[in-house]
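A short write-up of the structure that comes next.
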Protein chains: 2
Amino acid sequence: MPQFRLAIDAMSGDNGLKTIINGIVEAKQLCGDSFMVYLCGDAARIQAGLKDCGALSWYASGEIKIEHCIDSIASGDIPSLVWKTRANAPIIRCISLQKEGVADASISAGDTGVLLGASIFILGRLKGTARPALAAFLPTTKKRHILLLDVGANLNCRVDHLVSFGMMGYSYVQKYFSLALPRVGLLSIGKEPTKGTKVLFETARELKRLCRGFVGFVEGSDVLLGEADVVVCDGFAGNVLLKACESFHLLALSVLGRNGEVAEKIRNDIAVLDPENYGAVPFLGIKGIVLKAHGSSTSTAIANAIMTAITAIKKNALALTNAPAAKGKP
Amino acid sequence: MPQFRLAIDAMSGDNGLKTIINGIVEAKQLCGDSFMVYLCGDAARIQAGLKDCGALSWYASGEIKIEHCIDSIASGDIPSLVWKTRANAPIIRCISLQKEGVADASISAGDTGVLLGASIFILGRLKGTARPALAAFLPTTKKRHILLLDVGANLNCRVDHLVSFGMMGYSYVQKYFSLALPRVGLLSIGKEPTKGTKVLFETARELKRLCRGFVGFVEGSDVLLGEADVVVCDGFAGNVLLKACESFHLLALSVLGRNGEVAEKIRNDIAVLDPENYGAVPFLGIKGIVLKAHGSSTSTAIANAIMTAITAIKKNALALTNAPAAKGKP
């Protein structure tokens with residue numbers, strides 16, 4: 001009996017069902033732990049996909065189970081309500097399987113808003129969390145990763161949201177790196193307390209009052225320089241920043257060449273930012289392990305997402321859900 | 001008689017008056033063109049600084065003139081009103097010298113909002129410009145630079161501001177690269193038209209209607225990949241993105257080493273993003289050449305800002321103000 005039970009949204013992502021299945025196959029080959037998967041989606045299509053990808057033996061052995069669900073999300077649906085109106089959509093079914101105690105973690109490359117809504121309303125928020133956030137680790141010149149949140153779940157943030165991100169990030173990184181006093185920075189356009197927006201000024205005041213590790217404003221250039229351990233921002237700026245960082249290694253490879261030792265180093269140490277490598281990012285502030293994979297995830301990204309999920313279950317701590325798998329080594 | 005006349009805010013920047021003066025000295029040594037400078041600030045301090053930096057001979061020859069002004073901006077001042085309430089502050093005096101026809105361009109490392117306010121209200125907006133914007137060039141994997149705007153002048157943007165940035169960027173890049181149809185992208189968190197905010201959805205609709213080159217939403221990862229020629233965003237996201245990109249070469253150097261051929265390539269071809277190299281960024285949409293230098297500008301950055309300004313005056317086209325000096329070669 002496999003130790004770990006994952007619910008995976010088979011119908012999500014830009015690259016189709018076979019990419020998801022190939023990701024599972026890759027993880028089966030790479031992962032030292034035994035795991036089983038509930039593949040949520042259209043049963044006939046999944047079965048055909050398993051055959052095409054040479055994965056039928058895992059279906060036969062019960063290591064891959066099909067959770068038939070065919071509801072799909074329409075363009076007019078309100079993301080935060082889909083958990084109720086489309087309860088039989090694969091992305092929602094994954095979260096329900098967790099709620100029912102059947103799965104230990106969920107992975108979807110689907111819509112962030114839908115996944116967030118389902119996570120909040122089906123699994124629930126952790127106590128004291130104004131808004132759950134998507135969090136990601138980024139490498140720095142200081143050799144220790146920083147945690148950036150939110151990276152895309154909340155585009156318009158109120159003061160209490162941002163304060164909540166700061167508190168979650170502080171406690172998360174404190175446990176993750178065994179730090180006595182993680183430094184929490186608030187992303188702005190300058191370090192001066194007079195630069196920024198009203199929401200940022202008020203957030204800074206609150207964080208100064210509530211968060212021992214608050215170090216004030218940090219700028220876009222401070223992130224990769226490791227000037228803080230946690231960087232708090234709204235999901236729009238965080239998403240833009242994360243994705244720009246993800247593309248850095250491609251610029252470096254285009255300038256420095258795609259082969260040889262230098263290219264290898266770039267791929268290993270700069271492209272940790274590559275979504276291929278980290279696979280998926282977790283929601284913080286949710287009662288459960290829910291991972292959001294990139295829409296453009298390849299099979300390798302899905303395999304890494306699976307290993308990230310397994311690490312999170314193993315550590316049995318939501319505060320540790322964000323362990324980057326494979327090459328990720330913060 | 002020097003050909004080019006620059007007004008420089010001597011009291012701006014984090015590194016003090018001597019950094020500004022040393023920047024002028026560096027530019028005097030590097031620049032093939034003869035130019036004169038109106039140094040705006042406290043006359044006694046400037047004179048002492050010129051002496052310390054060995055620059056008195058240019059003062060004697062009239063190539064550096066001192067424009068005595070001692071008003072300073074208080075923390076309670078409203079940036080957009082300072083042009084009126086602190087008319088004798090150095091940063092405002094620079095713009096006034098331009099308006100009076102005494103200077104051809106201004107450079108300040110001071111507050112962006114103050115500089116923008118003075119530029120709008122003293123020099124005026126170009127026809128059809130809802131809001132002037134700060135614009136910066138970034139390198140891409142496609143070997144052609146992209147223009148990012150706004151990068152920090154406008155933190156909260158309305159639809160008409162963003163549309164205006166798109167139109168200014170389109171026309172600017174069209175002239176700059178002699179492109180028939182520059183591609184204008186709108187920065188968002190996904191390419192799908194359903195992802196983003198209401199303001200972005202409406203901006204996209206307007207740009208589709210008004211701008212022939214509009215290609216829809218682009219993501220943070222598309223910028224360095226050159227998926228557009230112009231990327232439009234609010235000044236908060238743009239500032240974060242630009243500054244993150246500026247720090248990237250430092251991460252690359254920390255991973256790949258600071259010496260040797262690879263480091264040299266990084267410094268030449270990736271660190272174009274380094275503010276040291278581009279010196280300053282221009283406001284688009286203003287009747288005059290106004291350059292905003294980084295608060296943290298070194299003397300080299302100031303020297304490059306001076307050369308950028310001279311290039312802009314030479315081309316006698318506001319549409320070409322953004323020519324990165326020195327290493328910049330878009």
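Numbering starts fresh at 1 for the residues of each chain in the structure tokens, the chains themselves are lettered A, B, ... in the order given, and ligands are numbered from 1 as they appear.
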
May I have the residues of chain B within 8 Å of chain A, counting only C-alpha atoms, written as an mmCIF file with all heavy atoms, in the first residue's frame?
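Once written, selection-v3.cif looks like this:
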```
data_model
loop_
_atom_site.group_PDB
_atom_site.id
_atom_site.type_symbol
_atom_site.label_atom_id
_atom_site.label_comp_id
_atom_site.auth_asym_id
_atom_site.auth_seq_id
_atom_site.Cartn_x
_atom_site.Cartn_y
_atom_site.Cartn_z
ATOM 1 N N SER B 75 9.527 66.868 4.284
ATOM 2 C CA SER B 75 8.871 65.560 4.174
ATOM 3 C C SER B 75 7.356 65.700 4.037
ATOM 4 O O SER B 75 6.699 64.840 3.479
ATOM 5 C CB SER B 75 9.221 64.687 5.371
ATOM 6 O OG SER B 75 8.776 65.314 6.553
ATOM 7 N N THR B 140 16.997 41.688 -24.262
ATOM 8 C CA THR B 140 16.186 40.469 -24.384
ATOM 9 C C THR B 140 17.018 39.365 -25.034
ATOM 10 O O THR B 140 18.107 39.620 -25.545
ATOM 11 C CB THR B 140 14.948 40.693 -25.279
ATOM 12 O OG1 THR B 140 15.386 40.805 -26.646
ATOM 13 C CG2 THR B 140 14.202 41.953 -24.900
ATOM 14 N N THR B 141 16.474 38.167 -25.033
ATOM 15 C CA THR B 141 17.154 37.052 -25.701
ATOM 16 C C THR B 141 17.096 37.202 -27.214
ATOM 17 O O THR B 141 17.767 36.496 -27.936
ATOM 18 C CB THR B 141 16.497 35.711 -25.323
ATOM 19 O OG1 THR B 141 15.114 35.797 -25.653
ATOM 20 C CG2 THR B 141 16.633 35.425 -23.838
ATOM 21 N N GLY B 152 8.065 53.811 -12.657
ATOM 22 C CA GLY B 152 8.089 54.362 -11.310
ATOM 23 C C GLY B 152 7.490 55.747 -11.107
ATOM 24 O O GLY B 152 7.426 56.225 -9.978
ATOM 25 N N LEU B 155 2.251 55.320 -9.746
ATOM 26 C CA LEU B 155 2.016 54.058 -9.031
ATOM 27 C C LEU B 155 0.590 53.544 -9.206
ATOM 28 O O LEU B 155 0.372 52.350 -9.318
ATOM 29 C CB LEU B 155 2.340 54.224 -7.543
ATOM 30 C CG LEU B 155 3.779 54.650 -7.240
ATOM 31 C CD1 LEU B 155 4.057 54.530 -5.756
ATOM 32 C CD2 LEU B 155 4.779 53.823 -8.034
ATOM 33 N N SER B 188 0.554 41.492 -17.503
ATOM 34 C CA SER B 188 -0.447 40.907 -16.613
ATOM 35 C C SER B 188 0.101 39.618 -16.009
ATOM 36 O O SER B 188 1.296 39.337 -16.127
ATOM 37 C CB SER B 188 -1.757 40.664 -17.351
ATOM 38 O OG SER B 188 -2.764 40.248 -16.430
ATOM 39 N N ILE B 189 -0.762 38.850 -15.358
ATOM 40 C CA ILE B 189 -0.272 37.643 -14.681
ATOM 41 C C ILE B 189 -0.494 36.401 -15.528
ATOM 42 O O ILE B 189 -0.237 35.282 -15.075
ATOM 43 C CB ILE B 189 -0.945 37.473 -13.306
ATOM 44 C CG1 ILE B 189 -2.459 37.349 -13.476
ATOM 45 C CG2 ILE B 189 -0.627 38.637 -12.399
ATOM 46 C CD1 ILE B 189 -3.128 36.686 -12.299
ATOM 47 N N THR B 194 -8.747 36.516 -19.684
ATOM 48 C CA THR B 194 -9.577 36.500 -18.470
ATOM 49 C C THR B 194 -8.761 36.711 -17.204
ATOM 50 O O THR B 194 -9.307 36.815 -16.115
ATOM 51 C CB THR B 194 -10.292 35.141 -18.334
ATOM 52 O OG1 THR B 194 -9.285 34.107 -18.389
ATOM 53 C CG2 THR B 194 -11.294 34.923 -19.450
ATOM 54 N N GLY B 196 -6.299 38.885 -14.777
ATOM 55 C CA GLY B 196 -5.872 40.259 -14.542
ATOM 56 C C GLY B 196 -6.885 41.028 -13.718
ATOM 57 O O GLY B 196 -7.670 40.441 -12.978
ATOM 58 N N THR B 197 -6.859 42.343 -13.867
ATOM 59 C CA THR B 197 -7.771 43.192 -13.103
ATOM 60 C C THR B 197 -8.713 43.916 -14.062
ATOM 61 O O THR B 197 -8.487 43.925 -15.275
ATOM 62 C CB THR B 197 -6.972 44.251 -12.326
ATOM 63 O OG1 THR B 197 -6.265 45.070 -13.278
ATOM 64 C CG2 THR B 197 -5.967 43.617 -11.379
ATOM 65 N N GLU B 219 3.427 38.342 -19.890
ATOM 66 C CA GLU B 219 3.749 38.043 -18.498
ATOM 67 C C GLU B 219 5.162 38.506 -18.163
ATOM 68 O O GLU B 219 5.935 38.849 -19.057
ATOM 69 C CB GLU B 219 3.654 36.536 -18.270
ATOM 70 C CG GLU B 219 2.287 35.970 -18.583
ATOM 71 C CD GLU B 219 2.261 34.450 -18.483
ATOM 72 O OE1 GLU B 219 2.369 33.931 -17.365
ATOM 73 O OE2 GLU B 219 2.152 33.793 -19.525
ATOM 74 N N GLY B 220 5.495 38.469 -16.876
ATOM 75 C CA GLY B 220 6.829 38.867 -16.430
ATOM 76 C C GLY B 220 7.936 38.130 -17.161
ATOM 77 O O GLY B 220 9.008 38.684 -17.412
ATOM 78 N N SER B 221 7.659 36.875 -17.531
ATOM 79 C CA SER B 221 8.685 36.063 -18.195
ATOM 80 C C SER B 221 8.839 36.418 -19.670
ATOM 81 O O SER B 221 9.815 36.032 -20.306
ATOM 82 C CB SER B 221 8.337 34.579 -18.063
ATOM 83 O OG SER B 221 6.976 34.386 -18.382
ATOM 84 N N ASP B 222 7.883 37.148 -20.224
ATOM 85 C CA ASP B 222 7.953 37.491 -21.652
ATOM 86 C C ASP B 222 8.855 38.683 -21.920
ATOM 87 O O ASP B 222 9.271 38.901 -23.052
ATOM 88 C CB ASP B 222 6.553 37.816 -22.189
ATOM 89 C CG ASP B 222 5.629 36.612 -22.141
ATOM 90 O OD1 ASP B 222 6.129 35.495 -22.369
ATOM 91 O OD2 ASP B 222 4.443 36.791 -21.873
ATOM 92 N N VAL B 223 9.131 39.467 -20.874
ATOM 93 C CA VAL B 223 9.854 40.726 -21.069
ATOM 94 C C VAL B 223 11.267 40.458 -21.576
ATOM 95 O O VAL B 223 11.650 40.910 -22.654
ATOM 96 C CB VAL B 223 9.857 41.555 -19.760
ATOM 97 C CG1 VAL B 223 10.702 42.807 -19.912
ATOM 98 C CG2 VAL B 223 8.422 41.927 -19.376
ATOM 99 N N LEU B 224 12.059 39.693 -20.808
ATOM 100 C CA LEU B 224 13.439 39.419 -21.221
ATOM 101 C C LEU B 224 13.491 38.475 -22.425
ATOM 102 O O LEU B 224 14.527 38.334 -23.064
ATOM 103 C CB LEU B 224 14.238 38.840 -20.055
ATOM 104 C CG LEU B 224 14.429 39.768 -18.840
ATOM 105 C CD1 LEU B 224 15.279 39.104 -17.778
ATOM 106 C CD2 LEU B 224 15.055 41.089 -19.249
ATOM 107 N N LEU B 225 12.375 37.811 -22.717
ATOM 108 C CA LEU B 225 12.338 36.945 -23.898
ATOM 109 C C LEU B 225 11.951 37.736 -25.152
ATOM 110 O O LEU B 225 11.862 37.172 -26.239
ATOM 111 C CB LEU B 225 11.368 35.780 -23.682
ATOM 112 C CG LEU B 225 11.680 34.875 -22.473
ATOM 113 C CD1 LEU B 225 10.697 33.705 -22.405
ATOM 114 C CD2 LEU B 225 13.114 34.345 -22.525
ATOM 115 N N PHE B 236 4.428 50.854 -10.362
ATOM 116 C CA PHE B 236 4.844 49.989 -9.261
ATOM 117 C C PHE B 236 5.414 48.680 -9.815
ATOM 118 O O PHE B 236 6.563 48.329 -9.543
ATOM 119 C CB PHE B 236 3.680 49.703 -8.299
ATOM 120 C CG PHE B 236 4.139 49.023 -7.034
ATOM 121 C CD1 PHE B 236 4.577 49.777 -5.954
ATOM 122 C CD2 PHE B 236 4.160 47.640 -6.919
ATOM 123 C CE1 PHE B 236 5.032 49.159 -4.787
ATOM 124 C CE2 PHE B 236 4.609 47.017 -5.761
ATOM 125 C CZ PHE B 236 5.049 47.776 -4.694
ATOM 126 N N ALA B 237 4.627 48.002 -10.636
ATOM 127 C CA ALA B 237 5.079 46.736 -11.229
ATOM 128 C C ALA B 237 6.322 46.975 -12.085
ATOM 129 O O ALA B 237 7.276 46.187 -12.045
ATOM 130 C CB ALA B 237 3.960 46.117 -12.057
ATOM 131 N N ASN B 239 8.605 49.332 -11.837
ATOM 132 C CA ASN B 239 9.764 49.628 -11.005
ATOM 133 C C ASN B 239 10.332 48.353 -10.389
ATOM 134 O O ASN B 239 11.551 48.126 -10.391
ATOM 135 C CB ASN B 239 9.338 50.618 -9.905
ATOM 136 C CG ASN B 239 10.514 51.128 -9.099
ATOM 137 O OD1 ASN B 239 10.937 50.482 -8.161
ATOM 138 N ND2 ASN B 239 11.060 52.268 -9.473
ATOM 139 N N VAL B 240 9.443 47.512 -9.888
ATOM 140 C CA VAL B 240 9.859 46.239 -9.289
ATOM 141 C C VAL B 240 10.568 45.373 -10.340
ATOM 142 O O VAL B 240 11.641 44.810 -10.100
ATOM 143 C CB VAL B 240 8.622 45.500 -8.705
ATOM 144 C CG1 VAL B 240 8.926 44.041 -8.430
ATOM 145 C CG2 VAL B 240 8.142 46.210 -7.443
ATOM 146 N N LEU B 241 9.962 45.302 -11.515
ATOM 147 C CA LEU B 241 10.515 44.481 -12.595
ATOM 148 C C LEU B 241 11.883 45.008 -13.039
ATOM 149 O O LEU B 241 12.850 44.250 -13.153
ATOM 150 C CB LEU B 241 9.526 44.494 -13.771
ATOM 151 C CG LEU B 241 9.867 43.698 -15.014
ATOM 152 C CD1 LEU B 241 10.054 42.228 -14.689
ATOM 153 C CD2 LEU B 241 8.753 43.828 -16.050
ATOM 154 N N LEU B 242 11.976 46.315 -13.260
ATOM 155 C CA LEU B 242 13.233 46.920 -13.704
ATOM 156 C C LEU B 242 14.336 46.678 -12.672
ATOM 157 O O LEU B 242 15.446 46.253 -13.020
ATOM 158 C CB LEU B 242 13.044 48.419 -13.926
ATOM 159 C CG LEU B 242 14.301 49.209 -14.300
ATOM 160 C CD1 LEU B 242 14.824 48.794 -15.666
ATOM 161 C CD2 LEU B 242 14.041 50.712 -14.292
ATOM 162 N N LYS B 243 14.023 46.918 -11.408
ATOM 163 C CA LYS B 243 15.047 46.782 -10.371
ATOM 164 C C LYS B 243 15.457 45.328 -10.172
ATOM 165 O O LYS B 243 16.624 45.044 -9.907
ATOM 166 C CB LYS B 243 14.564 47.413 -9.064
ATOM 167 C CG LYS B 243 14.600 48.937 -9.117
ATOM 168 C CD LYS B 243 14.130 49.574 -7.831
ATOM 169 C CE LYS B 243 14.290 51.097 -7.898
ATOM 170 N NZ LYS B 243 13.475 51.773 -6.879
ATOM 171 N N ALA B 244 14.500 44.411 -10.302
ATOM 172 C CA ALA B 244 14.857 42.987 -10.210
ATOM 173 C C ALA B 244 15.832 42.643 -11.338
ATOM 174 O O ALA B 244 16.839 41.963 -11.124
ATOM 175 C CB ALA B 244 13.610 42.115 -10.290
ATOM 176 N N CYS B 245 15.543 43.140 -12.534
ATOM 177 C CA CYS B 245 16.411 42.877 -13.683
ATOM 178 C C CYS B 245 17.797 43.493 -13.465
ATOM 179 O O CYS B 245 18.807 42.918 -13.862
ATOM 180 C CB CYS B 245 15.796 43.415 -14.969
ATOM 181 S SG CYS B 245 14.341 42.496 -15.485
ATOM 182 N N GLU B 246 17.817 44.660 -12.831
ATOM 183 C CA GLU B 246 19.094 45.326 -12.553
ATOM 184 C C GLU B 246 19.987 44.489 -11.646
ATOM 185 O O GLU B 246 21.212 44.603 -11.682
ATOM 186 C CB GLU B 246 18.848 46.671 -11.875
ATOM 187 C CG GLU B 246 18.363 47.759 -12.802
ATOM 188 C CD GLU B 246 17.922 49.004 -12.043
ATOM 189 O OE1 GLU B 246 18.106 49.058 -10.813
ATOM 190 O OE2 GLU B 246 17.400 49.908 -12.690
ATOM 191 N N SER B 247 19.353 43.695 -10.776
ATOM 192 C CA SER B 247 20.147 42.925 -9.809
ATOM 193 C C SER B 247 20.561 41.575 -10.359
ATOM 194 O O SER B 247 21.344 40.859 -9.749
ATOM 195 C CB SER B 247 19.346 42.727 -8.517
ATOM 196 O OG SER B 247 18.241 41.877 -8.754
ATOM 197 N N PHE B 248 20.029 41.228 -11.514
ATOM 198 C CA PHE B 248 20.255 39.885 -12.025
ATOM 199 C C PHE B 248 21.724 39.588 -12.298
ATOM 200 O O PHE B 248 22.226 38.508 -12.017
ATOM 201 C CB PHE B 248 19.424 39.655 -13.284
ATOM 202 C CG PHE B 248 19.704 38.340 -13.922
ATOM 203 C CD1 PHE B 248 19.664 37.183 -13.162
ATOM 204 C CD2 PHE B 248 20.038 38.251 -15.255
ATOM 205 C CE1 PHE B 248 19.937 35.954 -13.730
ATOM 206 C CE2 PHE B 248 20.321 37.035 -15.831
ATOM 207 C CZ PHE B 248 20.267 35.884 -15.069
ATOM 208 N N LEU B 250 24.185 40.584 -10.746
ATOM 209 C CA LEU B 250 24.889 40.330 -9.483
ATOM 210 C C LEU B 250 24.698 38.873 -9.049
ATOM 211 O O LEU B 250 25.627 38.233 -8.545
ATOM 212 C CB LEU B 250 24.391 41.292 -8.399
ATOM 213 C CG LEU B 250 24.649 42.774 -8.704
ATOM 214 C CD1 LEU B 250 23.982 43.656 -7.662
ATOM 215 C CD2 LEU B 250 26.146 43.063 -8.768
ATOM 216 N N LEU B 251 23.480 38.350 -9.272
ATOM 217 C CA LEU B 251 23.255 36.922 -8.988
ATOM 218 C C LEU B 251 24.119 36.075 -9.919
ATOM 219 O O LEU B 251 24.784 35.130 -9.481
ATOM 220 C CB LEU B 251 21.774 36.572 -9.171
ATOM 221 C CG LEU B 251 21.408 35.099 -8.967
ATOM 222 C CD1 LEU B 251 21.616 34.670 -7.518
ATOM 223 C CD2 LEU B 251 19.959 34.818 -9.367
ATOM 224 N N ALA B 252 24.147 36.439 -11.192
ATOM 225 C CA ALA B 252 24.947 35.681 -12.166
ATOM 226 C C ALA B 252 26.425 35.710 -11.783
ATOM 227 O O ALA B 252 27.106 34.677 -11.815
ATOM 228 C CB ALA B 252 24.734 36.243 -13.571
ATOM 229 N N SER B 254 27.658 36.148 -8.783
ATOM 230 C CA SER B 254 27.887 35.405 -7.537
ATOM 231 C C SER B 254 27.902 33.905 -7.804
ATOM 232 O O SER B 254 28.595 33.152 -7.133
ATOM 233 C CB SER B 254 26.850 35.788 -6.471
ATOM 234 O OG SER B 254 25.691 35.003 -6.583
ATOM 235 N N VAL B 255 27.158 33.463 -8.809
ATOM 236 C CA VAL B 255 27.129 32.033 -9.152
ATOM 237 C C VAL B 255 28.309 31.657 -10.056
ATOM 238 O O VAL B 255 28.932 30.617 -9.888
ATOM 239 C CB VAL B 255 25.785 31.666 -9.846
ATOM 240 C CG1 VAL B 255 25.839 30.290 -10.478
ATOM 241 C CG2 VAL B 255 24.630 31.741 -8.848
ATOM 242 N N LEU B 256 28.646 32.537 -11.002
ATOM 243 C CA LEU B 256 29.609 32.165 -12.047
ATOM 244 C C LEU B 256 31.002 32.760 -11.835
ATOM 245 O O LEU B 256 31.907 32.501 -12.630
ATOM 246 C CB LEU B 256 29.063 32.586 -13.414
ATOM 247 C CG LEU B 256 27.697 31.971 -13.793
ATOM 248 C CD1 LEU B 256 27.124 32.649 -15.009
ATOM 249 C CD2 LEU B 256 27.813 30.463 -14.010
ATOM 250 N N VAL B 262 33.834 35.089 -18.638
ATOM 251 C CA VAL B 262 32.398 34.990 -18.415
ATOM 252 C C VAL B 262 31.895 36.212 -17.654
ATOM 253 O O VAL B 262 30.882 36.828 -18.028
ATOM 254 C CB VAL B 262 32.067 33.690 -17.636
ATOM 255 C CG1 VAL B 262 30.628 33.720 -17.126
ATOM 256 C CG2 VAL B 262 32.281 32.477 -18.530
ATOM 257 N N LYS B 265 31.619 39.129 -19.923
ATOM 258 C CA LYS B 265 30.415 39.055 -20.767
ATOM 259 C C LYS B 265 29.170 39.444 -19.994
ATOM 260 O O LYS B 265 28.281 40.109 -20.514
ATOM 261 C CB LYS B 265 30.248 37.625 -21.303
ATOM 262 C CG LYS B 265 30.856 37.400 -22.662
ATOM 263 C CD LYS B 265 30.343 36.100 -23.236
ATOM 264 C CE LYS B 265 30.755 35.914 -24.675
ATOM 265 N NZ LYS B 265 30.374 34.599 -25.190
ATOM 266 N N ILE B 266 29.108 38.972 -18.751
ATOM 267 C CA ILE B 266 27.953 39.316 -17.909
ATOM 268 C C ILE B 266 27.893 40.825 -17.735
ATOM 269 O O ILE B 266 26.848 41.448 -17.898
ATOM 270 C CB ILE B 266 28.054 38.622 -16.529
ATOM 271 C CG1 ILE B 266 27.884 37.107 -16.697
ATOM 272 C CG2 ILE B 266 27.014 39.174 -15.553
ATOM 273 C CD1 ILE B 266 28.170 36.310 -15.442
ATOM 274 N N ASP B 269 26.975 42.413 -21.324
ATOM 275 C CA ASP B 269 25.741 42.115 -22.054
ATOM 276 C C ASP B 269 24.522 41.884 -21.173
ATOM 277 O O ASP B 269 23.394 41.960 -21.641
ATOM 278 C CB ASP B 269 25.952 40.899 -22.968
ATOM 279 C CG ASP B 269 26.954 41.205 -24.071
ATOM 280 O OD1 ASP B 269 27.064 42.390 -24.425
ATOM 281 O OD2 ASP B 269 27.611 40.279 -24.554
ATOM 282 N N ILE B 270 24.742 41.563 -19.907
ATOM 283 C CA ILE B 270 23.587 41.413 -19.016
ATOM 284 C C ILE B 270 23.444 42.650 -18.149
ATOM 285 O O ILE B 270 22.348 43.120 -17.897
ATOM 286 C CB ILE B 270 23.722 40.141 -18.147
ATOM 287 C CG1 ILE B 270 23.709 38.904 -19.049
ATOM 288 C CG2 ILE B 270 22.589 40.065 -17.131
ATOM 289 C CD1 ILE B 270 23.805 37.587 -18.330
#
```

Spatial neighbours of stretch 168-178 of chain B, max dist 12 Å, only C-alpha atoms, sep filter under 5 positions, as a ChimeraX atom specification: /B:125-137,144-150,161-163,183-186,207,210-215,228-233,282-286,312,315,317-324,329-330

In stretch 13-257 of chain A, DSSP strand (DSSP E or B) residues written as a PyMOL selection string: chain A and resi 35-41+64-68+105-108+125+133-138+146-149+184-187+214-218+230-232

Convert the current residue selection to file output with C-alpha atoms, as an mmCIF file, in the first residue's frame.
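Result file again-v3.cif:
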```
data_model
loop_
_atom_site.group_PDB
_atom_site.id
_atom_site.type_symbol
_atom_site.label_atom_id
_atom_site.label_comp_id
_atom_site.auth_asym_id
_atom_site.auth_seq_id
_atom_site.Cartn_x
_atom_site.Cartn_y
_atom_site.Cartn_z
ATOM 1 C CA PHE A 35 2.807 6.956 -3.869
ATOM 2 C CA MET A 36 -0.595 6.636 -5.441
ATOM 3 C CA VAL A 37 -2.515 9.125 -7.529
ATOM 4 C CA TYR A 38 -6.185 9.946 -7.918
ATOM 5 C CA LEU A 39 -6.359 11.273 -11.447
ATOM 6 C CA CYS A 40 -9.415 13.510 -11.596
ATOM 7 C CA GLY A 41 -11.024 14.001 -15.002
ATOM 8 C CA ILE A 64 -3.184 5.217 -10.309
ATOM 9 C CA LYS A 65 -6.914 5.479 -9.729
ATOM 10 C CA ILE A 66 -9.314 7.367 -11.953
ATOM 11 C CA GLU A 67 -11.772 9.745 -10.315
ATOM 12 C CA HIS A 68 -14.306 10.326 -13.041
ATOM 13 C CA ALA A 105 -2.348 16.671 -1.072
ATOM 14 C CA SER A 106 -3.623 18.158 -4.337
ATOM 15 C CA ILE A 107 -1.873 19.380 -7.454
ATOM 16 C CA SER A 108 -3.453 21.404 -10.254
ATOM 17 C CA ARG A 125 -8.202 28.823 6.315
ATOM 18 C CA ALA A 133 -1.213 33.346 -0.380
ATOM 19 C CA LEU A 134 0.877 31.599 -2.996
ATOM 20 C CA ALA A 135 4.504 31.572 -1.883
ATOM 21 C CA ALA A 136 7.706 30.881 -3.806
ATOM 22 C CA PHE A 137 11.377 30.591 -2.919
ATOM 23 C CA LEU A 138 13.956 32.529 -4.933
ATOM 24 C CA ILE A 146 14.100 34.252 0.170
ATOM 25 C CA LEU A 147 10.380 33.596 0.368
ATOM 26 C CA LEU A 148 8.235 35.798 -1.852
ATOM 27 C CA LEU A 149 4.494 36.068 -1.259
ATOM 28 C CA VAL A 184 10.490 40.530 6.687
ATOM 29 C CA GLY A 185 10.564 43.233 4.013
ATOM 30 C CA LEU A 186 7.655 44.945 2.273
ATOM 31 C CA LEU A 187 8.136 45.426 -1.465
ATOM 32 C CA PHE A 214 9.978 43.635 10.042
ATOM 33 C CA VAL A 215 12.807 45.551 8.365
ATOM 34 C CA GLY A 216 10.784 48.091 6.350
ATOM 35 C CA PHE A 217 10.572 48.605 2.612
ATOM 36 C CA VAL A 218 12.694 46.664 0.155
ATOM 37 C CA VAL A 230 10.641 37.147 3.429
ATOM 38 C CA VAL A 231 9.370 39.681 0.892
ATOM 39 C CA VAL A 232 5.699 40.659 1.068
#
```

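Proximity of B:Met167, B:Ile302, B:Cys157, B:Ala7 to B:Glu63, computed with only C-alpha atoms, is greatest for B:Ala7.
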
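With distances taken over only C-alpha atoms, A:Arg5 is the one residue among A:Lys292, A:Arg45, A:Arg86, A:Arg5 lying closest to A:Val102.
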